[in-house]
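Peer 1: Sharing a structure, written as structure tokens. Questions coming.
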Amino acid sequence: MTGVLGELLITAGVVVMLFLGWYLWLNDAVVGNEQQVAAEEVQEELQERWERGEGVAERPLDPGEPVVSAAPTREGEVFGTLIVPRFGAEWKRSIASGVDVETVLNSFTIGVGHYTETQMPGEMGNFAIAGHRRTYGSAFGDIDQLRLGDKIYVETVDGWYQYTFRGLEYVWPTGVEVLEPVPAAPGVAPTDRVLTMTSCNPRWSTAERIIAYAVYETWYPRGDGPPPEISPLVEAGR
């Protein structure tokens, strides 16, 4: 009887380990690939919308000012893509409005969500987004690997916004002040355009949050073509 019980326990342990392996690694790879393919489809759609003149914002009078796309009208609506060369030569993910876990962050086709109370890409203030560090594609699994000067691109129907990584910060889950127009400075009027990426930390825990900050450098109107660094990646998505 003891021998049978021991075999059952061993079998159960193997099953649990296989499930964990699937859930934590294989599932991550499968979902990540699906999110990648979905992002390429979003790129195609953005190009087609621009060609039809749909959802295109008016150009500012100052040619140096970036166009700011209109914010989506409903949560879960995909409005752009995120391209981070540091995360991989072909890495790209869709960006949707909102950070709902089930419909956005755990989505097999999205993975990155925009905090709707923050600004849009290119807008003065803070464009803040979130993604998982582990599971469901691990959109921000390598967020801690970002290095000073890394370029981060946000694509919308109007074009591509180029940000430059400046540094990491670690905060408690209650540290929502990182979402302020000037991160960690409530009530201060913004004078810069900032990109804030948030995820859980450590990798296997939700004990705290890892925050990556990047500052706006320039933008590339869709009619002029994508930034040279990511041109092959953009063209591959068409």
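Residue numbers start at 1 in each chain; chains themselves are named A, B, ... in the order of the structure tokens; ligands are numbered from 1 in the order shown.
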Find the residues around A:Pro190 up to 6 Å (only C-alpha atoms counted), leave out those fewer than 6 positions away in its own chain, and share them as a list in words.
Peer 2: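 Neighbouring residues, sequence-local ones excluded: Gly125, Pro181 and Val182 of chain A.
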Peer 1: What's the 9 Å shell around stretch 79-96 of chain A, counting only C-alpha atoms, without same-chain residues fewer than 2 positions away, as a ChimeraX atom specification?
Peer 2: /A:32,35-40,42-43,46,71-72,75-77,98-99,104,109-114,129,139-143,145-147,150-157,229-230,233
Peer 1: For the residues selected in the previous step, produce a file with C-alpha atoms as a PDB file, in the first residue's frame.
Peer 2:
```pdb
ATOM      1  CA  GLY A  32       4.146  35.839 -26.933  1.00  0.00           C
ATOM      2  CA  GLN A  35       0.864  38.716 -29.529  1.00  0.00           C
ATOM      3  CA  GLN A  36       3.693  39.317 -31.999  1.00  0.00           C
ATOM      4  CA  VAL A  37       1.578  38.203 -34.955  1.00  0.00           C
ATOM      5  CA  ALA A  38      -1.353  40.292 -33.726  1.00  0.00           C
ATOM      6  CA  ALA A  39       0.896  43.368 -33.494  1.00  0.00           C
ATOM      7  CA  GLU A  40       1.926  42.905 -37.123  1.00  0.00           C
ATOM      8  CA  VAL A  42      -2.268  46.071 -36.115  1.00  0.00           C
ATOM      9  CA  GLN A  43       0.582  47.675 -38.061  1.00  0.00           C
ATOM     10  CA  LEU A  46      -2.807  51.437 -38.959  1.00  0.00           C
ATOM     11  CA  ALA A  71      -7.663  58.744 -27.301  1.00  0.00           C
ATOM     12  CA  PRO A  72      -9.733  55.571 -27.848  1.00  0.00           C
ATOM     13  CA  GLU A  75     -11.421  50.284 -22.906  1.00  0.00           C
ATOM     14  CA  GLY A  76      -9.692  47.397 -24.630  1.00  0.00           C
ATOM     15  CA  GLU A  77      -9.531  49.193 -27.975  1.00  0.00           C
ATOM     16  CA  GLY A  98      -6.899  50.385 -20.270  1.00  0.00           C
ATOM     17  CA  VAL A  99      -5.004  47.960 -18.044  1.00  0.00           C
ATOM     18  CA  VAL A 104      -5.852  43.533 -22.017  1.00  0.00           C
ATOM     19  CA  THR A 109      -3.375  39.208 -28.814  1.00  0.00           C
ATOM     20  CA  ILE A 110      -2.538  42.385 -26.851  1.00  0.00           C
ATOM     21  CA  GLY A 111      -0.344  42.278 -23.720  1.00  0.00           C
ATOM     22  CA  VAL A 112       0.317  46.009 -23.218  1.00  0.00           C
ATOM     23  CA  GLY A 113      -2.224  48.435 -21.770  1.00  0.00           C
ATOM     24  CA  HIS A 114      -2.378  52.240 -21.529  1.00  0.00           C
ATOM     25  CA  ILE A 129       1.672  51.736 -20.012  1.00  0.00           C
ATOM     26  CA  ALA A 139       5.427  41.649 -22.634  1.00  0.00           C
ATOM     27  CA  PHE A 140       7.756  43.412 -20.168  1.00  0.00           C
ATOM     28  CA  GLY A 141       9.742  40.354 -19.152  1.00  0.00           C
ATOM     29  CA  ASP A 142      13.029  42.075 -20.023  1.00  0.00           C
ATOM     30  CA  ILE A 143      12.188  45.528 -18.708  1.00  0.00           C
ATOM     31  CA  GLN A 145      17.469  44.814 -19.269  1.00  0.00           C
ATOM     32  CA  LEU A 146      16.853  48.301 -20.676  1.00  0.00           C
ATOM     33  CA  ARG A 147      20.012  50.398 -20.854  1.00  0.00           C
ATOM     34  CA  ASP A 150      17.903  52.630 -25.607  1.00  0.00           C
ATOM     35  CA  LYS A 151      15.250  53.736 -28.070  1.00  0.00           C
ATOM     36  CA  ILE A 152      11.594  52.907 -27.521  1.00  0.00           C
ATOM     37  CA  TYR A 153       9.043  53.486 -30.269  1.00  0.00           C
ATOM     38  CA  VAL A 154       5.288  53.934 -30.069  1.00  0.00           C
ATOM     39  CA  GLU A 155       3.353  53.633 -33.326  1.00  0.00           C
ATOM     40  CA  THR A 156      -0.115  55.082 -33.957  1.00  0.00           C
ATOM     41  CA  VAL A 157      -2.095  55.826 -37.099  1.00  0.00           C
ATOM     42  CA  GLU A 229      16.306  51.771 -36.864  1.00  0.00           C
ATOM     43  CA  ILE A 230      12.976  49.974 -37.092  1.00  0.00           C
ATOM     44  CA  LEU A 233      10.593  45.623 -38.649  1.00  0.00           C
TER      45      LEU A 233
END
```
Peer 1: If DSSP is run on the backbone, what residues of stretch 8-204 of chain A are strand (DSSP E or B)? A reply as JSON, numbers by chain would be ideal.
Peer 2: {"A": [78, 79, 80, 81, 82, 83, 93, 94, 95, 96, 97, 111, 112, 113, 114, 125, 126, 127, 128, 129, 130, 131, 151, 152, 153, 154, 155, 156, 159, 160, 161, 162, 163, 164, 165, 166, 167, 168, 169, 170, 171, 193, 194, 195, 196, 197, 198, 199, 200, 201]}
Peer 1: For the residues in that selection, give me N, CA and C atoms as a tab-separated table (two decimals), in the first residue's frame.
Peer 2:
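Produced file selection.tsv, reproduced below:
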```
chain	number	residue	atom	x	y	z
A	78	VAL	N	-7.57	48.63	-29.29
A	78	VAL	CA	-6.16	48.71	-29.70
A	78	VAL	C	-5.97	49.97	-30.56
A	79	PHE	N	-4.93	50.76	-30.22
A	79	PHE	CA	-4.71	52.00	-30.96
A	79	PHE	C	-3.27	52.17	-31.45
A	80	GLY	N	-2.41	51.21	-31.16
A	80	GLY	CA	-1.03	51.36	-31.60
A	80	GLY	C	-0.19	50.14	-31.31
A	81	THR	N	1.09	50.27	-31.56
A	81	THR	CA	2.04	49.20	-31.25
A	81	THR	C	3.23	49.78	-30.50
A	82	LEU	N	3.89	48.92	-29.74
A	82	LEU	CA	5.11	49.27	-29.01
A	82	LEU	C	6.25	48.47	-29.60
A	83	ILE	N	7.35	49.14	-29.93
A	83	ILE	CA	8.52	48.48	-30.51
A	83	ILE	C	9.73	48.83	-29.65
A	93	ARG	N	4.58	44.70	-29.81
A	93	ARG	CA	3.34	44.32	-29.15
A	93	ARG	C	2.26	45.38	-29.42
A	94	SER	N	1.01	44.95	-29.42
A	94	SER	CA	-0.11	45.87	-29.56
A	94	SER	C	-0.32	46.63	-28.25
A	95	ILE	N	-0.82	47.86	-28.34
A	95	ILE	CA	-1.17	48.66	-27.17
A	95	ILE	C	-2.66	48.91	-27.21
A	96	ALA	N	-3.33	48.62	-26.09
A	96	ALA	CA	-4.77	48.85	-26.00
A	96	ALA	C	-5.07	49.85	-24.89
A	97	SER	N	-6.23	50.43	-24.97
A	97	SER	CA	-6.67	51.37	-23.94
A	97	SER	C	-7.09	50.61	-22.68
A	111	GLY	N	-1.48	42.40	-24.64
A	111	GLY	CA	-0.34	42.28	-23.72
A	111	GLY	C	0.16	43.57	-23.11
A	112	VAL	N	-0.11	44.72	-23.75
A	112	VAL	CA	0.32	46.01	-23.22
A	112	VAL	C	-0.89	46.93	-23.13
A	113	GLY	N	-1.08	47.56	-21.97
A	113	GLY	CA	-2.22	48.43	-21.77
A	113	GLY	C	-1.81	49.85	-21.39
A	114	HIS	N	-2.62	50.82	-21.82
A	114	HIS	CA	-2.38	52.24	-21.53
A	114	HIS	C	-3.26	52.69	-20.37
A	125	GLY	N	3.30	65.59	-21.05
A	125	GLY	CA	2.92	64.86	-19.85
A	125	GLY	C	3.46	63.45	-19.88
A	126	ASN	N	2.65	62.51	-19.41
A	126	ASN	CA	3.12	61.16	-19.15
A	126	ASN	C	2.26	60.11	-19.87
A	127	PHE	N	2.84	59.46	-20.85
A	127	PHE	CA	2.18	58.33	-21.52
A	127	PHE	C	2.62	57.07	-20.77
A	128	ALA	N	1.72	56.51	-19.96
A	128	ALA	CA	2.08	55.39	-19.07
A	128	ALA	C	1.40	54.11	-19.52
A	129	ILE	N	2.18	53.02	-19.56
A	129	ILE	CA	1.67	51.74	-20.01
A	129	ILE	C	2.10	50.63	-19.06
A	130	ALA	N	1.42	49.49	-19.14
A	130	ALA	CA	1.71	48.36	-18.26
A	130	ALA	C	1.77	47.07	-19.05
A	131	GLY	N	2.55	46.11	-18.53
A	131	GLY	CA	2.64	44.79	-19.15
A	131	GLY	C	3.13	43.78	-18.13
A	151	LYS	N	16.40	53.11	-27.43
A	151	LYS	CA	15.25	53.74	-28.07
A	151	LYS	C	14.00	52.88	-27.87
A	152	ILE	N	12.89	53.56	-27.67
A	152	ILE	CA	11.59	52.91	-27.52
A	152	ILE	C	10.64	53.64	-28.46
A	153	TYR	N	9.92	52.88	-29.27
A	153	TYR	CA	9.04	53.49	-30.27
A	153	TYR	C	7.58	53.13	-30.01
A	154	VAL	N	6.73	54.13	-30.15
A	154	VAL	CA	5.29	53.93	-30.07
A	154	VAL	C	4.70	54.31	-31.42
A	155	GLU	N	3.95	53.40	-32.01
A	155	GLU	CA	3.35	53.63	-33.33
A	155	GLU	C	1.85	53.83	-33.20
A	156	THR	N	1.33	54.87	-33.85
A	156	THR	CA	-0.12	55.08	-33.96
A	156	THR	C	-0.45	55.30	-35.43
A	159	GLY	N	1.83	58.06	-36.95
A	159	GLY	CA	3.26	57.89	-37.17
A	159	GLY	C	3.93	57.20	-35.99
A	160	TRP	N	5.24	57.49	-35.82
A	160	TRP	CA	6.04	56.83	-34.79
A	160	TRP	C	6.65	57.87	-33.86
A	161	TYR	N	6.54	57.61	-32.56
A	161	TYR	CA	7.07	58.51	-31.54
A	161	TYR	C	8.31	57.84	-30.93
A	162	GLN	N	9.40	58.55	-30.93
A	162	GLN	CA	10.66	57.99	-30.45
A	162	GLN	C	10.97	58.52	-29.05
A	163	TYR	N	11.15	57.59	-28.13
A	163	TYR	CA	11.53	57.93	-26.76
A	163	TYR	C	12.90	57.31	-26.46
A	164	THR	N	13.62	57.90	-25.50
A	164	THR	CA	14.93	57.38	-25.10
A	164	THR	C	14.90	57.02	-23.62
A	165	PHE	N	15.30	55.79	-23.32
A	165	PHE	CA	15.29	55.29	-21.95
A	165	PHE	C	16.26	56.07	-21.08
A	166	ARG	N	15.79	56.40	-19.86
A	166	ARG	CA	16.60	57.19	-18.94
A	166	ARG	C	16.91	56.49	-17.62
A	167	GLY	N	16.06	55.57	-17.17
A	167	GLY	CA	16.37	54.92	-15.91
A	167	GLY	C	15.23	54.11	-15.34
A	168	LEU	N	15.55	53.31	-14.30
A	168	LEU	CA	14.58	52.45	-13.62
A	168	LEU	C	14.33	52.96	-12.21
A	169	GLU	N	13.15	52.63	-11.71
A	169	GLU	CA	12.80	52.94	-10.33
A	169	GLU	C	11.97	51.79	-9.79
A	170	TYR	N	12.04	51.54	-8.49
A	170	TYR	CA	11.25	50.50	-7.86
A	170	TYR	C	10.35	51.14	-6.81
A	171	VAL	N	9.06	50.83	-6.88
A	171	VAL	CA	8.10	51.42	-5.95
A	171	VAL	C	7.17	50.34	-5.40
A	193	ARG	N	7.63	65.48	-22.35
A	193	ARG	CA	6.83	64.34	-22.77
A	193	ARG	C	7.56	63.08	-22.30
A	194	VAL	N	6.89	62.29	-21.49
A	194	VAL	CA	7.53	61.15	-20.84
A	194	VAL	C	6.78	59.86	-21.17
A	195	LEU	N	7.52	58.77	-21.30
A	195	LEU	CA	6.95	57.43	-21.43
A	195	LEU	C	7.29	56.67	-20.16
A	196	THR	N	6.27	56.10	-19.51
A	196	THR	CA	6.47	55.33	-18.29
A	196	THR	C	5.97	53.91	-18.50
A	197	MET	N	6.84	52.94	-18.29
A	197	MET	CA	6.49	51.52	-18.42
A	197	MET	C	6.46	50.90	-17.02
A	198	THR	N	5.38	50.22	-16.67
A	198	THR	CA	5.26	49.63	-15.34
A	198	THR	C	5.05	48.12	-15.43
A	199	SER	N	5.63	47.39	-14.46
A	199	SER	CA	5.45	45.95	-14.40
A	199	SER	C	5.70	45.49	-12.97
A	200	CYS	N	5.47	44.21	-12.71
A	200	CYS	CA	5.67	43.67	-11.36
A	200	CYS	C	7.13	43.33	-11.12
A	201	ASN	N	7.51	43.34	-9.85
A	201	ASN	CA	8.87	43.02	-9.45
A	201	ASN	C	8.86	42.42	-8.04
```
Peer 1: Considering only C-alpha atoms, state which residue in the set A:Pro66, A:Pro60, A:Pro183, A:Pro228 is at the smallest distance from A:Met120.
Peer 2: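 Between A:Pro66, A:Pro60, A:Pro183, A:Pro228, the residue approaching A:Met120 most closely is A:Pro66.
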